[in-house]
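What follows is the content of final.txt (compact mmCIF, C-alpha atoms).
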```txt
# COMPACT_ATOMS: atom_id res chain seq x y z
CA MET A 1 12.93 15.04 -65.10
CA THR A 2 15.48 13.81 -62.60
CA GLU A 3 15.72 17.29 -61.11
CA ILE A 4 11.96 17.56 -60.57
CA THR A 5 11.85 14.16 -58.86
CA GLU A 6 14.74 15.14 -56.62
CA ASN A 7 12.99 18.38 -55.73
CA GLU A 8 9.76 16.54 -55.00
CA ASP A 9 11.61 13.97 -52.91
CA ALA A 10 13.37 16.66 -50.94
CA HIS A 11 10.08 18.46 -50.30
CA GLU A 12 8.34 15.30 -49.30
CA PHE A 13 11.22 14.29 -47.03
CA ARG A 14 11.02 17.62 -45.24
CA SER A 15 7.30 17.35 -44.61
CA GLU A 16 7.61 13.74 -43.43
CA ALA A 17 10.47 14.72 -41.13
CA VAL A 18 8.09 17.23 -39.54
CA SER A 19 5.30 14.70 -39.08
CA LEU A 20 7.83 12.18 -37.73
CA TRP A 21 8.63 14.75 -35.04
CA ARG A 22 4.94 15.40 -34.58
CA ILE A 23 4.15 11.85 -33.45
CA THR A 24 6.34 12.40 -30.36
CA PHE A 25 4.48 15.54 -29.22
CA GLY A 26 1.55 13.75 -27.55
CA PRO A 27 3.73 11.47 -25.38
CA LEU A 28 6.07 14.43 -24.78
CA ILE A 29 3.22 16.50 -23.29
CA TRP A 30 2.24 13.47 -21.19
CA ALA A 31 5.83 13.12 -19.94
CA VAL A 32 6.16 16.82 -19.06
CA HIS A 33 2.75 16.82 -17.34
CA PHE A 34 3.70 13.66 -15.39
CA ALA A 35 7.06 15.06 -14.25
CA ALA A 36 5.54 18.44 -13.35
CA CYS A 37 2.69 16.87 -11.32
CA TYR A 38 4.93 14.49 -9.38
CA GLY A 39 7.72 17.06 -8.90
CA ALA A 40 5.39 19.84 -7.76
CA THR A 41 3.48 17.50 -5.42
CA ALA A 42 6.70 16.20 -3.85
CA LEU A 43 7.99 19.75 -3.33
CA VAL A 44 4.76 21.21 -1.94
CA CYS A 45 4.15 18.24 0.37
CA ALA A 46 7.76 18.14 1.63
CA LYS A 47 7.59 21.85 2.47
CA GLY A 48 4.10 21.54 3.98
CA GLY A 49 2.81 24.09 1.49
CA ALA A 50 -0.62 25.00 0.13
CA VAL A 51 -2.31 21.85 -1.15
CA ASP A 52 -5.28 23.75 -2.61
CA GLY A 53 -2.98 25.95 -4.70
CA LEU A 54 -1.18 22.84 -5.89
CA ARG A 55 -4.44 21.17 -6.91
CA LEU A 56 -5.56 24.29 -8.76
CA GLY A 57 -2.21 24.40 -10.56
CA ILE A 58 -2.43 20.73 -11.52
CA GLY A 59 -6.02 21.28 -12.67
CA ILE A 60 -5.05 24.19 -14.93
CA GLY A 61 -1.95 22.37 -16.24
CA THR A 62 -4.07 19.31 -16.99
CA VAL A 63 -6.66 21.31 -18.96
CA VAL A 64 -3.89 22.99 -20.98
CA ALA A 65 -2.21 19.63 -21.66
CA LEU A 66 -5.49 17.99 -22.69
CA VAL A 67 -6.42 20.85 -25.05
CA ALA A 68 -2.98 20.64 -26.69
CA ILE A 69 -3.30 16.85 -27.03
CA VAL A 70 -6.79 17.12 -28.53
CA TRP A 71 -5.50 19.66 -31.06
CA LEU A 72 -2.56 17.38 -31.99
CA GLY A 73 -4.94 14.44 -32.18
CA TRP A 74 -7.24 16.31 -34.54
CA GLN A 75 -4.29 17.16 -36.83
CA ALA A 76 -3.14 13.54 -36.79
CA TRP A 77 -6.68 12.26 -37.45
CA ARG A 78 -6.90 14.43 -40.58
CA GLN A 79 -3.45 13.22 -41.71
CA TRP A 80 -4.49 9.58 -41.24
CA ASP A 81 -7.53 10.31 -43.45
CA LEU A 82 -9.43 7.22 -42.33
CA VAL A 83 -12.96 8.44 -42.97
CA ARG A 84 -12.39 9.16 -46.67
CA ASP A 85 -10.50 6.03 -47.78
CA ARG A 86 -11.35 3.57 -44.94
CA ASP A 87 -7.71 2.49 -45.18
CA TRP A 88 -6.65 1.27 -41.71
CA GLU A 89 -3.23 -0.13 -42.55
CA ASN A 90 -1.75 2.14 -45.27
CA ASP A 91 0.54 -0.73 -46.25
CA GLN A 92 1.09 0.01 -49.93
CA GLY A 93 4.54 1.60 -49.43
CA THR A 94 3.78 4.76 -51.42
CA GLY A 95 4.65 8.27 -50.22
CA GLU A 96 1.00 8.96 -49.49
CA ASP A 97 0.72 5.75 -47.48
CA ARG A 98 3.78 6.65 -45.40
CA HIS A 99 2.29 10.08 -44.78
CA GLN A 100 -1.03 8.64 -43.63
CA PHE A 101 0.65 5.94 -41.54
CA LEU A 102 2.51 8.61 -39.56
CA GLY A 103 -0.85 10.30 -38.97
CA HIS A 104 -2.27 6.97 -37.78
CA ALA A 105 0.62 6.41 -35.34
CA ALA A 106 0.45 10.00 -34.08
CA PHE A 107 -3.32 9.72 -33.54
CA LEU A 108 -3.05 6.53 -31.48
CA LEU A 109 -0.25 8.09 -29.40
CA THR A 110 -2.37 11.18 -28.67
CA VAL A 111 -5.22 8.89 -27.53
CA ILE A 112 -2.98 7.05 -25.05
CA SER A 113 -1.45 10.39 -23.96
CA PHE A 114 -4.93 11.80 -23.30
CA ILE A 115 -5.77 8.81 -21.09
CA GLY A 116 -2.38 9.03 -19.37
CA VAL A 117 -2.69 12.73 -18.56
CA SER A 118 -6.24 12.28 -17.24
CA TYR A 119 -5.34 9.33 -14.99
CA VAL A 120 -2.20 11.07 -13.65
CA ALA A 121 -4.26 14.13 -12.66
CA LEU A 122 -7.05 12.16 -10.92
CA PRO A 123 -5.22 11.41 -7.61
CA ALA A 124 -4.29 15.08 -7.18
CA LEU A 125 -7.88 16.16 -7.83
CA LEU A 126 -9.60 13.41 -5.79
CA ILE A 127 -7.22 13.18 -2.82
CA GLY A 128 -7.05 16.61 -1.19
CA THR A 129 -4.20 15.87 1.19
CA CYS A 130 -0.49 15.06 1.26
CA ARG A 131 -0.97 12.10 3.62
CA MET B 1 -9.69 -8.96 5.78
CA LEU B 2 -12.90 -10.82 4.96
CA ASN B 3 -14.10 -10.20 8.52
CA PRO B 4 -13.63 -6.43 8.95
CA SER B 5 -13.92 -4.95 12.43
CA GLY B 6 -12.71 -1.42 11.73
CA ARG B 7 -13.83 1.45 9.49
CA ASP B 8 -10.72 1.20 7.31
CA ALA B 9 -10.95 -2.57 6.91
CA LEU B 10 -14.61 -2.18 5.94
CA LEU B 11 -13.64 0.27 3.16
CA LEU B 12 -11.02 -2.18 1.91
CA TYR B 13 -13.52 -5.03 2.07
CA ASP B 14 -16.02 -3.07 -0.05
CA LEU B 15 -13.25 -2.08 -2.45
CA ALA B 16 -12.12 -5.70 -2.85
CA LEU B 17 -15.72 -6.81 -3.38
CA VAL B 18 -16.41 -4.16 -6.06
CA MET B 19 -13.13 -4.97 -7.84
CA PHE B 20 -13.79 -8.73 -7.66
CA VAL B 21 -17.36 -8.48 -8.95
CA GLY B 22 -16.19 -6.04 -11.66
CA ALA B 23 -13.46 -8.48 -12.73
CA LEU B 24 -15.95 -11.37 -12.68
CA VAL B 25 -18.43 -9.49 -14.89
CA LEU B 26 -15.65 -8.57 -17.34
CA TRP B 27 -14.37 -12.15 -17.42
CA LEU B 28 -17.85 -13.54 -18.10
CA LEU B 29 -18.47 -10.93 -20.82
CA VAL B 30 -15.18 -11.58 -22.61
CA GLY B 31 -15.42 -15.36 -22.20
CA GLY B 32 -19.07 -15.37 -23.30
CA LEU B 33 -18.31 -13.27 -26.35
CA PHE B 34 -15.41 -15.55 -27.24
CA VAL B 35 -17.58 -18.67 -26.99
CA TYR B 36 -20.32 -16.93 -28.99
CA VAL B 37 -18.18 -15.91 -31.97
CA THR B 38 -16.11 -19.12 -32.13
CA ARG B 39 -18.63 -21.83 -31.18
CA ILE B 40 -22.23 -20.65 -31.23
CA ASN B 41 -22.33 -18.32 -34.22
CA PRO B 42 -19.02 -18.64 -36.12
CA ARG B 43 -19.75 -16.56 -39.22
CA GLU B 44 -17.84 -13.75 -40.85
CA MET B 45 -18.59 -10.36 -39.31
CA SER B 46 -19.20 -7.19 -41.26
CA ARG B 47 -16.27 -4.80 -41.28
CA GLY B 48 -18.27 -2.13 -39.41
CA LEU B 49 -19.24 -4.53 -36.62
CA ALA B 50 -15.66 -5.79 -36.26
CA GLU B 51 -14.26 -2.23 -36.14
CA GLY B 52 -16.93 -1.21 -33.63
CA LEU B 53 -16.10 -4.21 -31.46
CA ILE B 54 -12.38 -3.45 -31.45
CA VAL B 55 -12.68 0.28 -30.82
CA GLY B 56 -15.69 0.05 -28.51
CA GLY B 57 -14.82 -3.14 -26.64
CA GLY B 58 -11.05 -2.81 -26.82
CA VAL B 59 -10.54 0.90 -26.18
CA LEU B 60 -13.61 2.83 -25.00
CA PHE B 61 -15.13 0.26 -22.64
CA PRO B 62 -11.94 -0.53 -20.64
CA VAL B 63 -10.93 3.16 -20.47
CA VAL B 64 -14.34 4.15 -19.10
CA LEU B 65 -14.53 1.16 -16.74
CA LEU B 66 -10.98 1.62 -15.38
CA GLY B 67 -11.57 5.38 -15.12
CA GLY B 68 -14.76 4.71 -13.12
CA LEU B 69 -12.98 2.29 -10.77
CA LEU B 70 -10.14 4.81 -10.33
CA VAL B 71 -12.56 7.62 -9.45
CA TYR B 72 -14.34 5.26 -7.03
CA SER B 73 -11.19 3.94 -5.33
CA LEU B 74 -8.94 7.01 -5.04
CA PRO B 75 -10.97 8.87 -2.37
CA LEU B 76 -10.98 5.63 -0.29
CA MET B 77 -7.24 6.07 0.19
CA GLN B 78 -7.77 9.07 2.47
CA ALA B 79 -9.43 7.45 5.48
CA PRO B 80 -6.52 5.21 6.58
CA ARG B 81 -4.27 8.27 6.64
CA GLU B 82 -6.60 10.58 8.53
CA ALA B 83 -5.19 12.33 11.59
CA ASP B 84 -5.67 10.80 15.03
CA GLU B 85 -8.20 12.11 17.55
CA GLY B 86 -5.75 12.47 20.39
CA MET B 87 -3.74 9.32 20.92
CA ARG B 88 -0.82 8.17 18.80
CA VAL B 89 1.08 4.94 19.11
CA HIS B 90 4.70 4.81 18.01
CA ILE B 91 5.53 1.32 16.80
CA THR B 92 9.08 0.31 15.92
CA ALA B 93 9.71 -3.01 14.20
CA GLU B 94 12.68 -5.02 15.47
CA GLN B 95 13.96 -8.43 14.41
CA TRP B 96 11.46 -10.00 15.25
CA TRP B 97 9.26 -8.12 17.65
CA TRP B 98 7.56 -4.74 18.15
CA ARG B 99 8.35 -1.77 20.37
CA VAL B 100 5.07 -0.07 21.26
CA ASP B 101 5.00 3.41 22.74
CA TYR B 102 1.71 5.19 23.54
CA GLU B 103 1.84 8.99 23.17
CA LEU B 104 -1.00 10.62 25.06
CA PRO B 105 -2.53 14.00 24.19
CA ASP B 106 -0.59 15.61 27.08
CA GLY B 107 2.68 14.39 25.53
CA SER B 108 3.45 11.70 28.11
CA ARG B 109 4.60 8.25 26.97
CA VAL B 110 3.68 4.75 28.07
CA THR B 111 6.02 2.01 26.89
CA SER B 112 4.93 -1.52 26.11
CA ALA B 113 5.81 -4.22 23.55
CA ASN B 114 4.43 -6.92 21.29
CA GLU B 115 0.81 -5.99 21.83
CA LEU B 116 -1.33 -3.11 20.67
CA ARG B 117 -4.36 -1.93 22.62
CA LEU B 118 -6.89 0.45 21.08
CA PRO B 119 -10.15 2.02 22.24
CA VAL B 120 -13.33 1.30 20.24
CA GLY B 121 -14.85 4.11 18.17
CA GLN B 122 -11.86 6.42 18.23
CA ARG B 123 -9.31 7.01 15.48
CA THR B 124 -5.81 6.27 16.75
CA GLY B 125 -2.70 7.28 14.83
CA LEU B 126 0.07 4.73 14.29
CA VAL B 127 3.53 6.18 13.69
CA LEU B 128 5.59 3.37 12.19
CA LYS B 129 9.37 3.01 12.23
CA ALA B 130 11.84 0.17 11.75
CA HIS B 131 15.27 -0.74 13.06
CA ARG B 132 17.83 -2.23 10.60
CA VAL B 133 15.55 -3.82 7.96
CA ILE B 134 12.23 -3.16 6.25
CA HIS B 135 9.11 -4.64 7.86
CA ALA B 136 5.40 -4.08 7.25
CA PHE B 137 2.61 -3.54 9.73
CA TRP B 138 -0.66 -5.37 9.11
CA VAL B 139 -3.79 -6.07 11.16
CA PRO B 140 -6.12 -7.41 8.45
CA ALA B 141 -9.31 -7.04 10.51
CA LEU B 142 -8.65 -3.35 11.24
CA GLY B 143 -7.15 -1.83 8.09
CA GLY B 144 -4.60 -1.83 5.33
CA LYS B 145 -0.90 -2.51 5.68
CA ALA B 146 1.96 -0.03 5.71
CA ASP B 147 5.69 -0.51 5.18
CA MET B 148 8.04 0.19 8.09
CA ILE B 149 11.31 1.55 6.77
CA PRO B 150 14.58 2.21 8.66
CA GLY B 151 15.28 5.94 8.87
CA ARG B 152 11.75 6.91 7.85
CA GLU B 153 8.38 7.38 9.49
CA THR B 154 5.22 6.04 7.90
CA TYR B 155 1.73 6.71 9.15
CA LEU B 156 -1.48 4.76 9.36
CA SER B 157 -4.59 5.25 11.47
CA PHE B 158 -7.21 2.77 12.68
CA LEU B 159 -10.82 3.33 13.71
CA PRO B 160 -11.86 0.03 15.36
CA GLU B 161 -15.61 -0.56 15.52
CA SER B 162 -16.00 -3.56 17.79
CA ALA B 163 -14.11 -4.85 20.80
CA GLY B 164 -12.12 -8.02 20.38
CA VAL B 165 -8.67 -9.48 19.83
CA TYR B 166 -7.29 -9.19 16.30
CA ARG B 167 -4.16 -10.78 14.95
CA GLY B 168 -1.37 -8.61 13.52
CA GLN B 169 1.52 -9.86 11.44
CA CYS B 170 4.70 -8.55 9.86
CA ALA B 171 3.89 -8.51 6.15
CA GLU B 172 7.29 -7.85 4.58
CA PHE B 173 10.01 -10.52 4.64
CA CYS B 174 12.49 -9.39 7.31
CA GLY B 175 14.74 -12.39 7.98
CA ALA B 176 14.73 -15.92 9.40
CA SER B 177 11.82 -15.45 11.82
CA HIS B 178 9.68 -13.14 9.71
CA ALA B 179 6.72 -15.52 9.86
CA LEU B 180 7.06 -15.65 13.66
CA MET B 181 6.80 -11.86 14.02
CA ALA B 182 3.20 -11.34 15.03
CA PHE B 183 1.20 -9.59 17.75
CA GLU B 184 -2.32 -9.33 19.09
CA THR B 185 -4.36 -6.15 18.86
CA VAL B 186 -6.77 -5.89 21.77
CA VAL B 187 -9.63 -3.49 21.04
CA MET B 188 -11.37 -2.40 24.25
CA GLU B 189 -14.30 -0.25 25.34
CA PRO B 190 -13.00 3.30 25.98
CA GLU B 191 -13.38 3.12 29.79
CA ASP B 192 -11.66 -0.30 29.92
CA PHE B 193 -8.91 1.11 27.76
CA GLU B 194 -8.41 4.09 30.07
CA ALA B 195 -8.14 1.76 33.05
CA TRP B 196 -5.70 -0.49 31.22
CA LEU B 197 -3.55 2.46 30.12
CA ALA B 198 -3.39 3.83 33.67
CA ALA B 199 -2.26 0.40 34.89
CA GLU B 200 0.26 0.08 32.05
CA ALA B 201 1.79 3.46 32.96
CA ARG B 202 2.54 2.31 36.51
CA ASP B 203 5.76 0.63 37.61
CA ALA B 204 5.88 -3.14 37.87
CA THR B 205 4.01 -4.94 40.64
CA PRO B 206 6.49 -6.38 43.18
CA PRO B 207 6.47 -10.21 43.36
CA GLN B 208 3.47 -11.41 45.39
CA THR B 209 4.39 -15.03 46.15
CA GLN B 210 7.49 -16.74 47.44
CA GLU B 211 7.89 -18.49 44.10
CA ALA B 212 7.70 -15.17 42.23
CA THR B 213 10.21 -13.56 44.60
CA ARG B 214 12.62 -16.39 43.82
CA GLY B 215 11.89 -15.83 40.11
CA ALA B 216 12.89 -12.17 40.50
CA GLN B 217 16.20 -13.32 42.00
CA VAL B 218 16.79 -15.69 39.06
CA PHE B 219 15.92 -12.79 36.69
CA ALA B 220 18.57 -10.60 38.37
CA ARG B 221 21.16 -13.40 38.64
CA GLU B 222 20.92 -14.36 34.96
CA GLY B 223 21.37 -10.73 33.86
CA CYS B 224 17.98 -10.53 32.11
CA GLY B 225 17.83 -6.84 33.06
CA SER B 226 20.72 -5.90 30.78
CA CYS B 227 18.40 -6.46 27.79
CA HIS B 228 14.91 -6.11 29.30
CA THR B 229 13.27 -3.33 31.27
CA VAL B 230 11.01 -3.98 34.25
CA ARG B 231 10.15 -0.45 35.40
CA GLY B 232 10.62 0.09 39.11
CA THR B 233 13.44 -2.45 39.33
CA GLN B 234 17.16 -2.57 38.47
CA ALA B 235 16.27 -3.96 35.03
CA VAL B 236 16.62 -1.11 32.51
CA GLY B 237 17.90 -2.86 29.33
CA GLN B 238 16.65 -1.50 26.00
CA VAL B 239 17.74 -4.32 23.66
CA GLY B 240 14.69 -6.56 24.10
CA PRO B 241 10.99 -6.04 24.78
CA ASP B 242 9.82 -4.13 27.87
CA LEU B 243 8.52 -6.69 30.40
CA THR B 244 7.02 -4.33 33.00
CA HIS B 245 3.48 -5.68 32.50
CA MET B 246 4.29 -8.94 30.72
CA GLY B 247 1.75 -10.83 32.85
CA SER B 248 -1.21 -8.89 31.47
CA ARG B 249 -0.42 -9.54 27.80
CA VAL B 250 -2.27 -12.14 25.79
CA SER B 251 0.72 -13.64 23.97
CA LEU B 252 4.42 -14.31 24.39
CA GLY B 253 7.40 -14.17 22.02
CA ALA B 254 5.68 -11.64 19.69
CA GLY B 255 2.47 -13.56 19.14
CA ILE B 256 3.79 -17.12 18.91
CA LEU B 257 2.97 -18.58 22.37
CA GLY B 258 0.26 -18.32 25.01
CA VAL B 259 0.90 -16.96 28.51
CA GLU B 260 0.59 -20.09 30.64
CA PRO B 261 3.52 -20.70 33.08
CA SER B 262 4.59 -23.61 30.85
CA ASP B 263 4.80 -21.20 27.87
CA PHE B 264 7.17 -18.90 29.79
CA ALA B 265 9.38 -21.82 30.79
CA ASP B 266 9.31 -23.17 27.24
CA TRP B 267 10.21 -19.82 25.70
CA ILE B 268 13.05 -18.94 28.08
CA ALA B 269 14.72 -22.34 27.71
CA HIS B 270 14.28 -22.69 23.93
CA THR B 271 14.21 -19.23 22.32
CA GLU B 272 16.55 -20.19 19.49
CA THR B 273 14.46 -23.23 18.56
CA LEU B 274 11.14 -21.40 18.79
CA LYS B 275 12.39 -18.32 16.94
CA PRO B 276 15.43 -19.02 14.69
CA GLU B 277 18.25 -16.44 14.80
CA VAL B 278 16.58 -14.48 17.61
CA ALA B 279 18.93 -12.24 19.64
CA MET B 280 17.97 -13.80 22.99
CA PRO B 281 19.99 -16.96 23.75
CA SER B 282 18.25 -20.13 24.94
CA TYR B 283 18.54 -20.34 28.73
CA ASP B 284 18.53 -24.13 28.63
CA HIS B 285 21.07 -24.37 31.46
CA LEU B 286 18.42 -23.24 33.97
CA SER B 287 16.96 -25.90 36.23
CA PRO B 288 13.22 -26.69 35.93
CA ASP B 289 12.77 -25.09 39.35
CA ASP B 290 14.41 -21.85 38.21
CA LEU B 291 12.27 -21.80 35.06
CA THR B 292 9.09 -22.33 37.08
CA ALA B 293 10.10 -19.51 39.42
CA LEU B 294 10.86 -17.17 36.48
CA ALA B 295 7.48 -18.03 34.93
CA ALA B 296 5.77 -17.19 38.21
CA TYR B 297 7.63 -13.87 38.42
CA LEU B 298 6.94 -12.82 34.80
CA GLY B 299 3.35 -14.06 34.84
CA GLY B 300 2.80 -12.01 38.00
CA LEU B 301 3.94 -8.74 36.35
CA GLU B 302 0.39 -7.62 35.69
```

Written as structure tokens, that's how I'd like the structure from this file.
Amino acid sequence: MTEITENEDAHEFRSEAVSLWRITFGPLIWAVHFAACYGATALVCAKGGAVDGLRLGIGIGTVVALVAIVWLGWQAWRQWDLVRDRDWENDQGTGEDRHQFLGHAAFLLTVISFIGVSYVALPALLIGTCR
Amino acid sequence: MLNPSGRDALLLYDLALVMFVGALVLWLLVGGLFVYVTRINPREMSRGLAEGLIVGGGVLFPVVLLGGLLVYSLPLMQAPREADEGMRVHITAEQWWWRVDYELPDGSRVTSANELRLPVGQRTGLVLKAHRVIHAFWVPALGGKADMIPGRETYLSFLPESAGVYRGQCAEFCGASHALMAFETVVMEPEDFEAWLAAEARDATPPQTQEATRGAQVFAREGCGSCHTVRGTQAVGQVGPDLTHMGSRVSLGAGILGVEPSDFADWIAHTETLKPEVAMPSYDHLSPDDLTALAAYLGGLE
């Protein structure tokens, strides 16, 4: 009995550890996208390089980042499981609740990351000059 | 800013108007909704309506609205940085005045100070620098403002659309007389501007009257030329503003006084009172006669 519980706990802990990591992925993509956009723009503009190539690169990088964020968001949305149980808070303190709460947090973070990545890319796409 | 006379100021005016009206509409909507649910119809909402209100009104609506305003406003940032159409003016901020240096398409330079002249209907580039501390360049009627930073060059361009005199002001705190660091921007018809620039490029007019000749002697005797330049004379100082064509400017002391003879006398005798911590000492030991003569000399440098 004790052994089974310990096994179950260990298994559950492992899977929660993974989804705990997973909630950082959305903001992480946002951070990498942000640093890459600003770094590349500073370099290209300082060297007087090709602005059109830079904008194309930022455009492609942005699409890749957004697709990855949407995929993470979809995973998190399923983990939150809102549609089935209409449970917004998951405040019962059970293992299942903790699991769904991490999905909830990850989903909200992917939403803000999606907005962040889009807004960061807009100046590069709308202003076609280094001035 | 509310009375734009240049293309760039007009863009900023429209931008400010759109943002203000947008903020007003949002404020009325939020306030109205608040009054409605707490005063007019204070009943319990269904869960679906409440969730829709939070997600729709709290997340989707602001994201779409802010996104729309961002897409509208970002392209407006290009115009004030567009390249010039031939003429560039190098402006260096000092404590507390402006060096102004016109660079013509052929590469030649015309030096002036404390006044900016621009032709109507032509985009002029402004290359901005600063000496010692950070300043900011701002002519509200003509465009946005730009920081002036020691060791760096910033760039702004203006496209004035009607002739007139527009006030400029340092817009970044730069020391005791920051508020007294102003200038006038005189926007002229292109042919008038050409004539003015040709005159500005010439050496100083020699004193025309006896009074002015005596003023020139006082100027030399008091050592004014070790700080100020009057081209075509012994005065070649670089510390203070160039005075070669002082008499044709519309203000004195970087925008704080007029150009009547009494203003010249007032300024020379009381610089430290009129502009605290200024580098030029008050020449209050000069006799009224000497001051009148100096005013006649400087006012005659047209």

Subject >> Expected answer as a count of residues only: chain A residues within 9 Å of chain B, only C-alpha atoms >> reply: 10

What's the 9 Å shell around Leu180 of chain B, counting all atoms listed in the file, without same-chain residues fewer than 3 positions away, as a short mmCIF file (atom, residue, chain, number, x, y, z; two decimals) with C-alpha atoms, in the frame of the given file?
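Final output, saved to part-v6.cif:
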```cif
data_model
loop_
_atom_site.label_atom_id
_atom_site.label_comp_id
_atom_site.auth_asym_id
_atom_site.auth_seq_id
_atom_site.Cartn_x
_atom_site.Cartn_y
_atom_site.Cartn_z
CA TRP B 96 11.46 -10.00 15.25
CA TRP B 97 9.26 -8.12 17.65
CA GLN B 169 1.52 -9.86 11.44
CA CYS B 170 4.70 -8.55 9.86
CA ALA B 176 14.73 -15.92 9.40
CA SER B 177 11.82 -15.45 11.82
CA GLY B 253 7.40 -14.17 22.02
CA ALA B 254 5.68 -11.64 19.69
CA GLY B 255 2.47 -13.56 19.14
CA ILE B 256 3.79 -17.12 18.91
CA LEU B 274 11.14 -21.40 18.79
CA LYS B 275 12.39 -18.32 16.94
#
```

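Using all atoms listed in the file, the smallest distance between any of B:Ala293, B:Arg43, B:Gln95, B:Ala279 and Phe219 of chain B comes from B:Ala293.
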
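The space separating atom CA of His135 of chain B from atom CA of Val165 of chain B comes to 22.0 Å.
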
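In this comparison, which uses only C-alpha atoms, the residue of B:Phe158, B:Phe173, B:Tyr166, B:Trp27 approaching Ala136 of chain B most closely is B:Phe173.
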
Edge lengths and centre in Å, axis-aligned, segment 116-119 of chain A plus 4 Å each side, as JSON:
```
{"center_x": -4.3, "center_y": 10.9, "center_z": -17.2, "size_x": 11.9, "size_y": 11.7, "size_z": 12.4}
```

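What separates atom CA of Gly6 of chain B from atom CA of Arg117 of chain B is a distance of 13.7 Å.
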
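Counting from atom CA of Asp52 of chain A, the distance to atom CA of Asp84 of chain B is 21.9 Å.
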
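Closest to Val44 of chain A among A:Val32, A:Ile58, A:Ala10, A:Ile112 is A:Ile58, based on all atoms listed in the file.
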
Subject >> Residue neighbourhood Arg109 of chain B, 12 Å, all atoms listed in the file, exclusion window fewer than 5 positions, as a PyMOL selection string >> reply: chain B and resi 87-90+100-104+197-198+200-202

Subject >> Shell of 7 Å around Thr244 of chain B, only C-alpha atoms, local chain residues under 5 positions omitted, as a ChimeraX atom specification >> reply: /B:203-204,229-231,301

Atoms are missing here; could segment 14-25 of chain B be completed with N, CA and C atoms and written as a compact mmCIF listing (two decimals), in the frame of the given file?
```
# COMPACT_ATOMS: atom_id res chain seq x y z
N ASP B 14 -15.12 -3.50 1.02
CA ASP B 14 -16.02 -3.07 -0.05
C ASP B 14 -15.26 -2.91 -1.36
N LEU B 15 -14.07 -2.30 -1.26
CA LEU B 15 -13.25 -2.08 -2.45
C LEU B 15 -12.92 -3.41 -3.12
N ALA B 16 -12.49 -4.39 -2.30
CA ALA B 16 -12.12 -5.70 -2.85
C ALA B 16 -13.32 -6.36 -3.50
N LEU B 17 -14.50 -6.20 -2.85
CA LEU B 17 -15.72 -6.81 -3.38
C LEU B 17 -16.09 -6.20 -4.74
N VAL B 18 -16.06 -4.85 -4.81
CA VAL B 18 -16.41 -4.16 -6.06
C VAL B 18 -15.44 -4.58 -7.16
N MET B 19 -14.14 -4.61 -6.84
CA MET B 19 -13.13 -4.97 -7.84
C MET B 19 -13.33 -6.43 -8.29
N PHE B 20 -13.63 -7.31 -7.32
CA PHE B 20 -13.79 -8.73 -7.66
C PHE B 20 -15.01 -8.94 -8.54
N VAL B 21 -16.14 -8.33 -8.15
CA VAL B 21 -17.36 -8.48 -8.95
C VAL B 21 -17.15 -7.86 -10.33
N GLY B 22 -16.48 -6.68 -10.37
CA GLY B 22 -16.19 -6.04 -11.66
C GLY B 22 -15.36 -6.96 -12.55
N ALA B 23 -14.32 -7.59 -11.96
CA ALA B 23 -13.46 -8.48 -12.73
C ALA B 23 -14.24 -9.70 -13.21
N LEU B 24 -15.14 -10.19 -12.34
CA LEU B 24 -15.95 -11.37 -12.68
C LEU B 24 -16.86 -11.07 -13.87
N VAL B 25 -17.53 -9.89 -13.81
CA VAL B 25 -18.43 -9.49 -14.89
C VAL B 25 -17.65 -9.37 -16.20
```
